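Peer 1: Contents of query.cif (mmCIF, C-alpha atoms):
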data_upload
#
loop_
_atom_site.label_atom_id
_atom_site.label_comp_id
_atom_site.auth_asym_id
_atom_site.auth_seq_id
_atom_site.Cartn_x
_atom_site.Cartn_y
_atom_site.Cartn_z
CA MET A 1 -8.99 -14.12 25.57
CA LYS A 2 -9.07 -15.77 28.97
CA ALA A 3 -12.61 -16.42 30.18
CA GLU A 4 -11.67 -15.21 33.65
CA VAL A 5 -10.77 -11.77 32.26
CA ARG A 6 -14.17 -11.48 30.65
CA GLN A 7 -15.94 -12.72 33.77
CA ALA A 8 -14.10 -10.25 36.00
CA VAL A 9 -15.63 -7.26 34.22
CA ALA A 10 -18.97 -8.78 33.16
CA HIS A 11 -20.84 -6.54 35.62
CA LEU A 12 -19.48 -3.28 34.20
CA GLU A 13 -21.46 -0.99 31.94
CA ALA A 14 -19.94 -0.72 28.46
CA PRO A 15 -18.16 1.07 26.93
CA PHE A 16 -14.88 0.51 28.74
CA SER A 17 -11.35 -0.68 28.02
CA VAL A 18 -9.64 -3.67 29.62
CA LEU A 19 -5.99 -4.52 30.24
CA ASP A 20 -4.95 -8.07 31.13
CA LEU A 21 -1.90 -7.19 33.22
CA ASP A 22 -0.70 -10.79 33.48
CA ALA A 23 -0.72 -11.18 29.69
CA ALA A 24 1.05 -7.85 29.19
CA VAL A 25 3.84 -8.76 31.60
CA ALA A 26 4.19 -12.23 30.08
CA ASN A 27 4.46 -10.66 26.62
CA ALA A 28 7.11 -8.25 27.85
CA VAL A 29 9.16 -11.06 29.37
CA ASP A 30 8.89 -13.00 26.11
CA MET A 31 10.22 -9.96 24.25
CA THR A 32 13.34 -9.95 26.44
CA VAL A 33 13.86 -13.64 25.71
CA ARG A 34 13.61 -12.96 22.00
CA ALA A 35 16.10 -10.11 22.38
CA GLN A 36 18.76 -12.52 23.70
CA GLY A 37 20.27 -10.05 26.13
CA THR A 38 19.97 -6.89 24.05
CA PRO A 39 18.15 -4.25 26.14
CA ILE A 40 14.75 -3.04 24.95
CA ARG A 41 13.85 0.64 25.00
CA LEU A 42 10.10 0.79 25.57
CA ALA A 43 8.16 2.56 22.79
CA SER A 44 5.65 4.74 24.62
CA LYS A 45 3.36 5.27 21.62
CA SER A 46 2.47 1.58 21.77
CA ILE A 47 1.40 1.79 25.44
CA ARG A 48 0.20 5.30 26.43
CA ILE A 49 -0.64 4.07 29.94
CA PRO A 50 1.98 5.52 32.34
CA GLU A 51 1.42 2.97 35.10
CA LEU A 52 1.84 0.06 32.69
CA MET A 53 5.00 1.65 31.28
CA LYS A 54 6.35 1.87 34.83
CA ARG A 55 5.62 -1.81 35.47
CA ILE A 56 7.31 -2.92 32.23
CA LEU A 57 10.40 -0.79 32.86
CA GLU A 58 10.85 -2.55 36.20
CA LEU A 59 11.44 -5.85 34.35
CA ASP A 60 14.94 -7.06 33.62
CA GLY A 61 15.81 -6.44 29.98
CA PHE A 62 14.02 -3.11 29.60
CA HIS A 63 15.63 0.29 29.99
CA GLY A 64 14.59 3.77 28.96
CA ILE A 65 11.71 5.09 26.88
CA LEU A 66 11.39 5.75 23.17
CA ALA A 67 8.89 8.63 23.20
CA TYR A 68 7.12 10.07 20.19
CA ASN A 69 6.75 13.70 21.23
CA LEU A 70 8.96 16.16 23.09
CA ASN A 71 6.11 17.50 25.24
CA GLU A 72 5.32 13.90 26.15
CA ALA A 73 8.94 13.31 27.15
CA ILE A 74 8.99 16.43 29.32
CA TRP A 75 5.76 15.33 31.02
CA LEU A 76 7.09 11.82 31.65
CA VAL A 77 10.24 13.20 33.31
CA ARG A 78 8.43 15.77 35.44
CA GLU A 79 5.25 13.95 36.40
CA HIS A 80 6.27 10.30 36.30
CA GLU A 81 9.96 10.46 37.22
CA CYS A 82 10.98 8.72 33.99
CA SER A 83 14.56 8.97 32.81
CA ASP A 84 16.64 8.23 29.74
CA ILE A 85 14.08 9.20 27.12
CA VAL A 86 14.85 9.32 23.41
CA VAL A 87 12.30 11.28 21.38
CA ALA A 88 11.93 9.13 18.26
CA TYR A 89 10.76 11.93 15.96
CA PRO A 90 12.14 15.42 15.32
CA THR A 91 10.31 18.33 16.92
CA ALA A 92 9.41 21.76 15.62
CA ASN A 93 7.72 22.88 18.84
CA LYS A 94 9.54 26.04 19.85
CA ASP A 95 8.01 26.28 23.34
CA ALA A 96 8.93 22.68 24.16
CA LEU A 97 12.50 23.22 22.98
CA LYS A 98 12.79 26.31 25.17
CA GLU A 99 11.38 24.40 28.15
CA LEU A 100 13.87 21.60 27.56
CA ASN A 101 16.77 24.03 27.33
CA ALA A 102 15.81 25.85 30.53
CA CYS A 103 16.02 22.78 32.80
CA ASP A 104 19.20 20.88 33.71
CA THR A 105 17.24 17.72 34.57
CA LEU A 106 15.33 17.68 31.28
CA ARG A 107 18.48 18.20 29.24
CA ALA A 108 20.18 15.34 31.05
CA GLN A 109 17.29 12.90 30.62
CA ILE A 110 15.96 13.68 27.12
CA THR A 111 17.61 13.10 23.74
CA LEU A 112 16.30 14.86 20.64
CA MET A 113 16.09 13.30 17.16
CA VAL A 114 17.69 15.01 14.16
CA ASP A 115 18.39 13.98 10.59
CA SER A 116 19.50 17.17 8.85
CA ALA A 117 21.22 20.51 9.22
CA GLU A 118 17.74 21.99 8.96
CA HIS A 119 16.87 20.56 12.37
CA LEU A 120 20.02 22.02 13.89
CA ASP A 121 19.33 25.39 12.26
CA PHE A 122 15.78 25.39 13.63
CA ILE A 123 16.98 24.85 17.19
CA ASP A 124 19.76 27.43 16.85
CA GLU A 125 17.30 30.00 15.48
CA HIS A 126 14.53 29.55 18.03
CA VAL A 127 16.63 28.76 21.09
CA PRO A 128 19.65 31.01 20.48
CA GLY A 129 22.66 30.38 22.67
CA HIS A 130 21.11 27.14 23.95
CA GLU A 131 22.82 24.87 26.43
CA GLU A 132 24.31 21.55 25.38
CA LEU A 133 21.52 19.37 23.97
CA ARG A 134 21.69 15.62 23.52
CA VAL A 135 20.83 14.53 19.97
CA CYS A 136 20.42 11.22 18.14
CA LEU A 137 20.88 10.79 14.38
CA ASP A 138 17.92 9.19 12.61
CA VAL A 139 19.02 6.99 9.68
CA ASP A 140 16.78 5.70 6.89
CA ALA A 141 16.51 1.90 7.27
CA SER A 142 14.24 1.21 4.31
CA LEU A 143 14.98 -1.15 1.43
CA GLU A 144 15.56 0.43 -1.98
CA PHE A 145 15.79 -1.03 -5.47
CA GLY A 146 16.47 1.88 -7.79
CA PRO A 147 13.37 4.10 -7.60
CA VAL A 148 11.46 1.54 -5.50
CA HIS A 149 11.40 2.48 -1.81
CA ILE A 150 10.07 -0.13 0.64
CA GLY A 151 9.71 1.19 4.15
CA ALA A 152 8.91 4.36 6.06
CA LEU A 153 9.66 7.73 4.48
CA ARG A 154 11.67 9.09 7.36
CA SER A 155 15.23 10.34 7.30
CA PRO A 156 17.19 11.69 4.32
CA VAL A 157 20.30 10.12 5.86
CA ARG A 158 20.80 6.73 4.21
CA THR A 159 24.44 6.04 3.33
CA PRO A 160 27.62 6.17 5.41
CA GLN A 161 28.53 9.29 3.43
CA ASP A 162 25.22 10.94 4.34
CA ALA A 163 25.80 10.09 7.98
CA ALA A 164 29.35 11.43 7.93
CA THR A 165 28.19 14.75 6.48
CA ILE A 166 25.55 15.45 9.12
CA THR A 167 27.81 14.12 11.89
CA ARG A 168 30.51 16.64 10.99
CA ASP A 169 27.91 19.40 11.19
CA ILE A 170 26.70 18.25 14.61
CA VAL A 171 30.21 17.92 16.01
CA ARG A 172 31.39 21.34 14.92
CA ARG A 173 28.34 23.21 16.19
CA PRO A 174 28.30 24.43 19.79
CA GLY A 175 25.38 23.29 21.90
CA PHE A 176 24.92 19.78 20.46
CA THR A 177 26.25 16.42 21.64
CA LEU A 178 25.68 13.40 19.39
CA VAL A 179 24.96 10.47 21.70
CA GLY A 180 23.23 7.90 19.51
CA VAL A 181 22.10 6.57 16.15
CA MET A 182 18.63 5.22 15.41
CA ALA A 183 17.45 3.27 12.35
CA TYR A 184 13.93 1.82 12.47
CA GLU A 185 13.28 -0.99 9.97
CA GLY A 186 9.52 -0.63 9.63
CA GLN A 187 9.40 -2.75 6.48
CA ILE A 188 10.65 -5.68 8.58
CA ALA A 189 9.33 -5.03 12.09
CA GLY A 190 5.99 -3.55 11.07
CA THR A 191 5.00 -5.68 8.08
CA THR A 192 2.83 -8.74 8.59
CA ASP A 193 3.89 -12.13 7.22
CA SER A 194 1.11 -12.21 4.67
CA SER A 195 2.78 -13.84 1.65
CA PRO A 196 5.97 -15.56 0.39
CA ALA A 197 6.87 -12.31 -1.37
CA ILE A 198 6.82 -10.46 1.96
CA ALA A 199 9.06 -13.12 3.48
CA VAL A 200 11.58 -12.68 0.66
CA MET A 201 11.49 -8.91 1.03
CA LYS A 202 12.09 -9.13 4.77
CA SER A 203 15.01 -11.52 4.31
CA LEU A 204 16.65 -9.30 1.69
CA SER A 205 16.10 -6.18 3.76
CA THR A 206 17.48 -7.77 6.92
CA ARG A 207 20.76 -8.64 5.20
CA GLU A 208 21.08 -5.33 3.38
CA LEU A 209 20.37 -3.25 6.47
CA ALA A 210 22.74 -5.16 8.74
CA ALA A 211 25.65 -4.44 6.41
CA ARG A 212 24.71 -0.81 5.80
CA ARG A 213 23.90 -0.03 9.42
CA SER A 214 27.31 -1.26 10.50
CA LYS A 215 29.01 1.01 7.96
CA VAL A 216 26.86 3.98 8.97
CA VAL A 217 27.73 3.56 12.64
CA GLN A 218 31.41 3.25 11.78
CA ALA A 219 31.25 6.45 9.73
CA VAL A 220 29.60 8.28 12.63
CA THR A 221 31.97 7.04 15.32
CA ASP A 222 35.02 7.81 13.18
CA ILE A 223 34.03 11.46 13.46
CA ALA A 224 32.09 11.78 16.73
CA GLY A 225 33.77 9.09 18.80
CA PRO A 226 31.98 6.39 20.80
CA LEU A 227 28.19 6.56 21.01
CA GLU A 228 26.02 5.84 24.05
CA PHE A 229 23.56 3.76 22.01
CA VAL A 230 22.63 2.42 18.59
CA ASN A 231 18.89 1.79 18.41
CA GLY A 232 17.11 -0.40 15.89
CA GLY A 233 14.31 -2.86 15.45
CA GLY A 234 10.73 -3.08 16.56
CA THR A 235 8.63 -5.84 18.06
CA GLY A 236 8.42 -7.65 14.73
CA SER A 237 12.19 -7.85 14.17
CA ILE A 238 13.62 -8.37 17.65
CA GLU A 239 15.39 -11.63 16.77
CA THR A 240 17.17 -10.37 13.65
CA THR A 241 18.00 -6.89 14.99
CA SER A 242 19.55 -8.29 18.16
CA GLN A 243 22.00 -10.32 16.07
CA GLU A 244 23.67 -7.19 14.69
CA LYS A 245 26.89 -6.41 16.56
CA VAL A 246 26.46 -2.64 16.33
CA ILE A 247 23.01 -2.68 17.94
CA THR A 248 23.05 -1.81 21.65
CA GLU A 249 19.27 -1.58 22.17
CA ILE A 250 15.96 -2.37 20.48
CA GLY A 251 13.04 0.02 20.37
CA ALA A 252 9.80 -1.93 20.89
CA GLY A 253 6.49 -1.78 22.70
CA SER A 254 3.62 -3.20 20.64
CA GLY A 255 4.48 -6.73 21.67
CA VAL A 256 3.47 -5.91 25.24
CA ILE A 257 -0.13 -5.35 24.10
CA GLY A 258 -0.38 -7.98 21.34
CA PRO A 259 -2.66 -6.03 18.97
CA ALA A 260 -4.57 -7.60 16.10
CA LEU A 261 -1.81 -6.96 13.53
CA PHE A 262 0.35 -9.49 15.36
CA ASP A 263 -2.14 -12.24 14.59
CA HIS A 264 -0.45 -12.35 11.18
CA TYR A 265 3.19 -12.82 12.22
CA ARG A 266 4.79 -16.26 12.00
CA THR A 267 7.87 -15.92 14.20
CA PHE A 268 6.13 -14.97 17.45
CA THR A 269 2.62 -14.95 18.95
CA PRO A 270 1.98 -12.48 21.78
CA GLU A 271 -1.02 -13.01 23.99
CA PRO A 272 -3.80 -10.42 23.50
CA ALA A 273 -3.67 -8.06 26.47
CA GLU A 274 -5.94 -5.11 25.72
CA TRP A 275 -9.52 -4.69 24.44
CA PHE A 276 -12.25 -2.13 24.10
CA VAL A 277 -15.72 -3.35 25.03
CA LEU A 278 -18.86 -1.91 23.44
CA PRO A 279 -22.58 -2.60 24.10
CA VAL A 280 -25.24 -4.04 21.83
CA VAL A 281 -27.91 -1.37 21.30
CA ARG A 282 -30.21 -2.70 18.58
CA ARG A 283 -31.01 -5.57 16.23
CA PRO A 284 -31.71 -4.72 12.56
CA SER A 285 -32.36 -8.42 11.78
CA PRO A 286 -32.24 -11.79 13.57
CA GLN A 287 -28.60 -12.32 12.57
CA THR A 288 -27.44 -8.71 12.92
CA VAL A 289 -26.78 -6.59 15.96
CA THR A 290 -25.64 -2.99 16.12
CA ILE A 291 -22.93 -1.94 18.55
CA ALA A 292 -22.74 1.57 20.00
CA GLY A 293 -19.53 3.16 18.80
CA GLY A 294 -16.67 1.58 16.94
CA GLY A 295 -14.21 3.40 14.70
CA ARG A 296 -10.60 3.00 15.83
CA VAL A 297 -9.19 2.33 12.39
CA ALA A 298 -5.43 2.07 12.82
CA SER A 299 -2.95 4.44 11.22
CA GLY A 300 -1.02 3.46 8.11
CA ALA A 301 -1.95 2.47 4.57
CA MET A 302 -5.63 1.58 4.49
CA GLY A 303 -6.50 -2.11 4.35
CA LYS A 304 -8.41 -4.80 6.21
CA ASP A 305 -5.45 -5.35 8.52
CA ARG A 306 -6.00 -1.80 9.91
CA LEU A 307 -9.50 -2.57 11.15
CA PRO A 308 -10.28 -3.66 14.70
CA VAL A 309 -11.27 -7.30 15.11
CA VAL A 310 -14.10 -8.84 17.10
CA ASP A 311 -12.51 -11.04 19.74
CA TRP A 312 -15.71 -12.18 21.49
CA PRO A 313 -18.27 -13.52 20.88
CA SER A 314 -16.78 -15.56 18.06
CA GLY A 315 -18.56 -15.83 14.74
CA LEU A 316 -19.32 -12.11 14.30
CA GLN A 317 -18.27 -10.13 11.23
CA MET A 318 -18.48 -6.46 10.34
CA SER A 319 -20.66 -5.33 7.49
CA PRO A 320 -18.44 -4.80 4.42
CA LEU A 321 -20.53 -1.78 3.45
CA GLU A 322 -20.19 -0.06 6.83
CA GLY A 323 -17.22 -1.44 8.72
CA PRO A 324 -16.44 -0.02 12.18
CA GLY A 325 -18.37 3.22 12.32
CA GLU A 326 -17.68 6.15 14.62
CA VAL A 327 -21.06 5.89 16.36
CA GLN A 328 -22.32 2.46 15.36
CA THR A 329 -20.93 -0.83 14.09
CA PRO A 330 -23.25 -3.51 12.65
CA LEU A 331 -22.14 -7.10 13.22
CA THR A 332 -23.55 -10.18 11.54
CA GLY A 333 -23.20 -13.89 12.20
CA SER A 334 -24.67 -16.79 14.09
CA SER A 335 -23.60 -15.41 17.49
CA ALA A 336 -25.77 -12.36 16.94
CA ARG A 337 -28.92 -14.44 17.59
CA ASN A 338 -27.90 -14.94 21.22
CA LEU A 339 -26.99 -11.33 22.01
CA ARG A 340 -29.33 -9.07 23.93
CA LEU A 341 -29.39 -5.31 24.33
CA GLY A 342 -26.63 -4.22 26.67
CA ASP A 343 -24.48 -7.34 26.11
CA HIS A 344 -20.75 -6.84 25.72
CA VAL A 345 -18.82 -7.26 22.49
CA TRP A 346 -15.01 -7.33 22.83
CA PHE A 347 -12.78 -5.76 20.18
CA ARG A 348 -9.03 -5.57 19.70
CA HIS A 349 -7.41 -2.64 17.98
CA ALA A 350 -5.11 -3.36 15.03
CA LYS A 351 -2.17 -1.30 16.35
CA ALA A 352 -1.10 -1.01 19.96
CA GLY A 353 -1.38 2.30 21.75
CA GLU A 354 -3.77 4.06 19.41
CA GLN A 355 -6.85 2.65 21.14
CA CYS A 356 -5.90 4.60 24.26
CA GLU A 357 -6.66 7.83 22.42
CA PHE A 358 -10.34 6.79 22.71
CA ALA A 359 -10.23 5.87 26.41
CA GLU A 360 -9.56 7.86 29.55
CA SER A 361 -8.73 4.74 31.55
CA VAL A 362 -8.33 0.99 31.37
CA VAL A 363 -9.76 -1.53 33.82
CA VAL A 364 -6.81 -3.65 34.91
CA VAL A 365 -7.45 -7.35 35.49
CA SER A 366 -4.94 -9.68 37.15
CA GLU A 367 -5.40 -13.27 38.32
CA GLY A 368 -9.05 -13.18 37.30
CA GLN A 369 -9.90 -10.13 39.43
CA ILE A 370 -10.17 -6.40 38.84
CA TYR A 371 -6.84 -5.15 40.13
CA ASP A 372 -7.06 -1.41 39.48
CA GLU A 373 -8.05 1.25 36.98
CA TRP A 374 -5.22 3.12 35.28
CA LEU A 375 -5.34 6.42 33.43
CA THR A 376 -4.28 6.64 29.81
CA TYR A 377 -2.49 9.70 28.44
CA ARG A 378 -5.91 11.05 27.42
CA GLY A 379 -7.32 10.40 30.86
CA ALA A 380 -4.48 12.45 32.33
CA GLY A 381 -5.55 15.30 30.05
CA PHE A 382 -3.02 14.91 27.25
CA SER A 383 -3.16 14.07 23.56
CA PHE A 384 0.39 14.39 22.30
CA THR A 385 0.58 15.10 18.58
#
Kindly present the structure from the file in structure tokens form.

Peer 2:
Amino acid sequence: MKAEVRQAVAHLEAPFSVLDLDAAVANAVDMTVRAQGTPIRLASKSIRIPELMKRILELDGFHGILAYNLNEAIWLVREHECSDIVVAYPTANKDALKELNACDTLRAQITLMVDSAEHLDFIDEHVPGHEELRVCLDVDASLEFGPVHIGALRSPVRTPQDAATITRDIVRRPGFTLVGVMAYEGQIAGTTDSSPAIAVMKSLSTRELAARRSKVVQAVTDIAGPLEFVNGGGTGSIETTSQEKVITEIGAGSGVIGPALFDHYRTFTPEPAEWFVLPVVRRPSPQTVTIAGGGRVASGAMGKDRLPVVDWPSGLQMSPLEGPGEVQTPLTGSSARNLRLGDHVWFRHAKAGEQCEFAESVVVVSEGQIYDEWLTYRGAGFSFT
């Protein structure tokens, strides 16, 4: 953390959240360099700050949004004039589907995610006689060895044959236009470089997926014709994903924020750009202080890498018997002796975006000064689930 960022907000009463805008923009530019000319579709779930999303999308190398919720996508189009939004996950929200169908602008700007005839049936049943809807086919990108499945449990579409079957169904049904294919390799992009075994797994998966993804896309285009986009990747696999000839764009966003998980990657090192700041409220012992609040354990399989980290002051550790509590977090270490009631302790969340569910706004710092205060999704009155 830059000392000037900390100094710029030293007078504020904690709790509050901080965004280093200069670091975020620098991280975003670095992502485009890593992508080697392949456009990046910004993953909104990793940001959840509309004004920051707008700033990043103005940079060369970024285009469009990878949203996580259809209601979110509708809101971004209507309230923030966003365009070209792919909803990364299927939706079963009947009201949102009806709202999408009723508006020419929404239908033109938003692409739905499907991976089965069941999704198509659901839309046909609850929005009968719907207008032409843009859809993207979600393909399983995980690595499999017999019964062993390494990666996210997402789509049932895995092989070129699977893709051909669902593509035929999409093409022959009225009211659907297949415009893209998406395959997110979470076991590569979202797995920290924690051991030689992980490195081997990532290497094997990268080669296997590149060959299979190419065949899947060929199977789809043989039936549906040319696609508008083929989306893959994530912040952690930008370099390898961009080398695949069939990839036209990379979905990524966490690298803009540089959360704590990225402290454990070897191929890139983003600059930390977002923190939550909590106050010291009591001292159980000379080398222990208690912080008001805490929590913010990241989603995913539970482990130490899902916990927030103390970024400042250095030399503080969480109690192994308590960890980051919802209403209090004890911290021990030599730095605790110098902390007084009301002093700030700076934390970084393990996964980008999720911290914004705890904050209504972020204090934006640029060039060592408070630049602005920007609303998060929650601050705008929304929690998209």

Peer 1: With only C-alpha atoms as the atoms that count, which of A:His264, A:Lys2, A:Arg282, A:His344 lies nearest to Thr191 in chain A?

Peer 2: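 The shortest atom-to-atom distance to Thr191 in chain A comes from A:His264.
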
Peer 1: Translate the PyMOL selection byres ((chain A and resi 137) around 9) into a concrete residue list for this structure, as a PyMOL selection string.

Peer 2: chain A and resi 112-116+135-136+138-139+157+163+166-167+178-183

Peer 1: If I take CA of Arg34 in chain A and CA of Glu228 in chain A, how far is one from the other in Å, to one decimal?

Peer 2: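 Between these atoms lies a distance of 22.6 Å.
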
Peer 1: Quick one: what's the axis-aligned box for range 59-71 of chain A, all listed atoms, 3 Å on every side, centre and edges in Å to one decimal, as JSON?

Peer 2:
{"center_x": 11.0, "center_y": 5.2, "center_z": 27.3, "size_x": 15.7, "size_y": 30.6, "size_z": 20.2}

Peer 1: List, as a ChimeraX atom specification, every residue that the PyMOL selection byres ((chain A and resi 14) around 7) selects in the file provided.

Peer 2: /A:12-13,15-16,277-279,344

Peer 1: With N, CA and C atoms as the target, complete range 24-50 of chain A and hand it back as a PDB file, in the coordinates of the input.

Peer 2:
ATOM      1  N   ALA A  24       0.119  -8.889  29.604  1.00  0.00           N
ATOM      2  CA  ALA A  24       1.050  -7.850  29.190  1.00  0.00           C
ATOM      3  C   ALA A  24       2.457  -8.114  29.741  1.00  0.00           C
ATOM      4  N   VAL A  25       2.531  -8.474  31.002  1.00  0.00           N
ATOM      5  CA  VAL A  25       3.840  -8.760  31.600  1.00  0.00           C
ATOM      6  C   VAL A  25       4.471  -9.993  30.961  1.00  0.00           C
ATOM      7  N   ALA A  26       3.671 -11.023  30.730  1.00  0.00           N
ATOM      8  CA  ALA A  26       4.190 -12.230  30.080  1.00  0.00           C
ATOM      9  C   ALA A  26       4.717 -11.914  28.686  1.00  0.00           C
ATOM     10  N   ASN A  27       3.998 -11.068  27.950  1.00  0.00           N
ATOM     11  CA  ASN A  27       4.460 -10.660  26.620  1.00  0.00           C
ATOM     12  C   ASN A  27       5.782  -9.905  26.705  1.00  0.00           C
ATOM     13  N   ALA A  28       5.882  -9.025  27.694  1.00  0.00           N
ATOM     14  CA  ALA A  28       7.110  -8.250  27.850  1.00  0.00           C
ATOM     15  C   ALA A  28       8.297  -9.159  28.168  1.00  0.00           C
ATOM     16  N   VAL A  29       8.083 -10.114  29.037  1.00  0.00           N
ATOM     17  CA  VAL A  29       9.160 -11.060  29.370  1.00  0.00           C
ATOM     18  C   VAL A  29       9.567 -11.853  28.135  1.00  0.00           C
ATOM     19  N   ASP A  30       8.588 -12.269  27.342  1.00  0.00           N
ATOM     20  CA  ASP A  30       8.890 -13.000  26.110  1.00  0.00           C
ATOM     21  C   ASP A  30       9.711 -12.143  25.154  1.00  0.00           C
ATOM     22  N   MET A  31       9.446 -10.845  25.111  1.00  0.00           N
ATOM     23  CA  MET A  31      10.220  -9.960  24.250  1.00  0.00           C
ATOM     24  C   MET A  31      11.688  -9.935  24.668  1.00  0.00           C
ATOM     25  N   THR A  32      11.946  -9.949  25.975  1.00  0.00           N
ATOM     26  CA  THR A  32      13.340  -9.950  26.440  1.00  0.00           C
ATOM     27  C   THR A  32      14.030 -11.265  26.090  1.00  0.00           C
ATOM     28  N   VAL A  33      13.282 -12.359  26.119  1.00  0.00           N
ATOM     29  CA  VAL A  33      13.860 -13.640  25.710  1.00  0.00           C
ATOM     30  C   VAL A  33      14.226 -13.612  24.241  1.00  0.00           C
ATOM     31  N   ARG A  34      13.331 -13.073  23.426  1.00  0.00           N
ATOM     32  CA  ARG A  34      13.610 -12.960  22.000  1.00  0.00           C
ATOM     33  C   ARG A  34      14.796 -12.061  21.728  1.00  0.00           C
ATOM     34  N   ALA A  35      15.004 -11.059  22.574  1.00  0.00           N
ATOM     35  CA  ALA A  35      16.100 -10.110  22.380  1.00  0.00           C
ATOM     36  C   ALA A  35      17.466 -10.677  22.747  1.00  0.00           C
ATOM     37  N   GLN A  36      17.504 -11.804  23.414  1.00  0.00           N
ATOM     38  CA  GLN A  36      18.760 -12.520  23.700  1.00  0.00           C
ATOM     39  C   GLN A  36      19.797 -11.639  24.390  1.00  0.00           C
ATOM     40  N   GLY A  37      19.347 -10.854  25.349  1.00  0.00           N
ATOM     41  CA  GLY A  37      20.270 -10.050  26.130  1.00  0.00           C
ATOM     42  C   GLY A  37      20.425  -8.620  25.671  1.00  0.00           C
ATOM     43  N   THR A  38      19.918  -8.283  24.493  1.00  0.00           N
ATOM     44  CA  THR A  38      19.970  -6.890  24.050  1.00  0.00           C
ATOM     45  C   THR A  38      18.857  -6.109  24.754  1.00  0.00           C
ATOM     46  N   PRO A  39      19.187  -5.008  25.420  1.00  0.00           N
ATOM     47  CA  PRO A  39      18.150  -4.250  26.140  1.00  0.00           C
ATOM     48  C   PRO A  39      17.086  -3.717  25.194  1.00  0.00           C
ATOM     49  N   ILE A  40      15.874  -3.575  25.716  1.00  0.00           N
ATOM     50  CA  ILE A  40      14.750  -3.040  24.950  1.00  0.00           C
ATOM     51  C   ILE A  40      14.378  -1.676  25.516  1.00  0.00           C
ATOM     52  N   ARG A  41      14.342  -0.690  24.633  1.00  0.00           N
ATOM     53  CA  ARG A  41      13.850   0.640  25.000  1.00  0.00           C
ATOM     54  C   ARG A  41      12.358   0.665  24.697  1.00  0.00           C
ATOM     55  N   LEU A  42      11.543   0.931  25.697  1.00  0.00           N
ATOM     56  CA  LEU A  42      10.100   0.790  25.570  1.00  0.00           C
ATOM     57  C   LEU A  42       9.495   1.921  24.751  1.00  0.00           C
ATOM     58  N   ALA A  43       8.807   1.584  23.662  1.00  0.00           N
ATOM     59  CA  ALA A  43       8.160   2.560  22.790  1.00  0.00           C
ATOM     60  C   ALA A  43       6.844   3.018  23.418  1.00  0.00           C
ATOM     61  N   SER A  44       6.810   4.248  23.872  1.00  0.00           N
ATOM     62  CA  SER A  44       5.650   4.740  24.620  1.00  0.00           C
ATOM     63  C   SER A  44       4.400   4.842  23.759  1.00  0.00           C
ATOM     64  N   LYS A  45       4.545   5.102  22.458  1.00  0.00           N
ATOM     65  CA  LYS A  45       3.360   5.270  21.620  1.00  0.00           C
ATOM     66  C   LYS A  45       2.536   3.996  21.537  1.00  0.00           C
ATOM     67  N   SER A  46       3.164   2.857  21.826  1.00  0.00           N
ATOM     68  CA  SER A  46       2.470   1.580  21.770  1.00  0.00           C
ATOM     69  C   SER A  46       1.808   1.211  23.099  1.00  0.00           C
ATOM     70  N   ILE A  47       1.977   2.060  24.110  1.00  0.00           N
ATOM     71  CA  ILE A  47       1.400   1.790  25.440  1.00  0.00           C
ATOM     72  C   ILE A  47       0.433   2.902  25.839  1.00  0.00           C
ATOM     73  N   ARG A  48       0.971   4.110  26.063  1.00  0.00           N
ATOM     74  CA  ARG A  48       0.200   5.300  26.430  1.00  0.00           C
ATOM     75  C   ARG A  48      -0.576   5.130  27.731  1.00  0.00           C
ATOM     76  N   ILE A  49      -0.088   4.263  28.592  1.00  0.00           N
ATOM     77  CA  ILE A  49      -0.640   4.070  29.940  1.00  0.00           C
ATOM     78  C   ILE A  49       0.553   4.180  30.896  1.00  0.00           C
ATOM     79  N   PRO A  50       0.765   5.330  31.543  1.00  0.00           N
ATOM     80  CA  PRO A  50       1.980   5.520  32.340  1.00  0.00           C
ATOM     81  C   PRO A  50       2.239   4.436  33.371  1.00  0.00           C
TER      82      PRO A  50
END
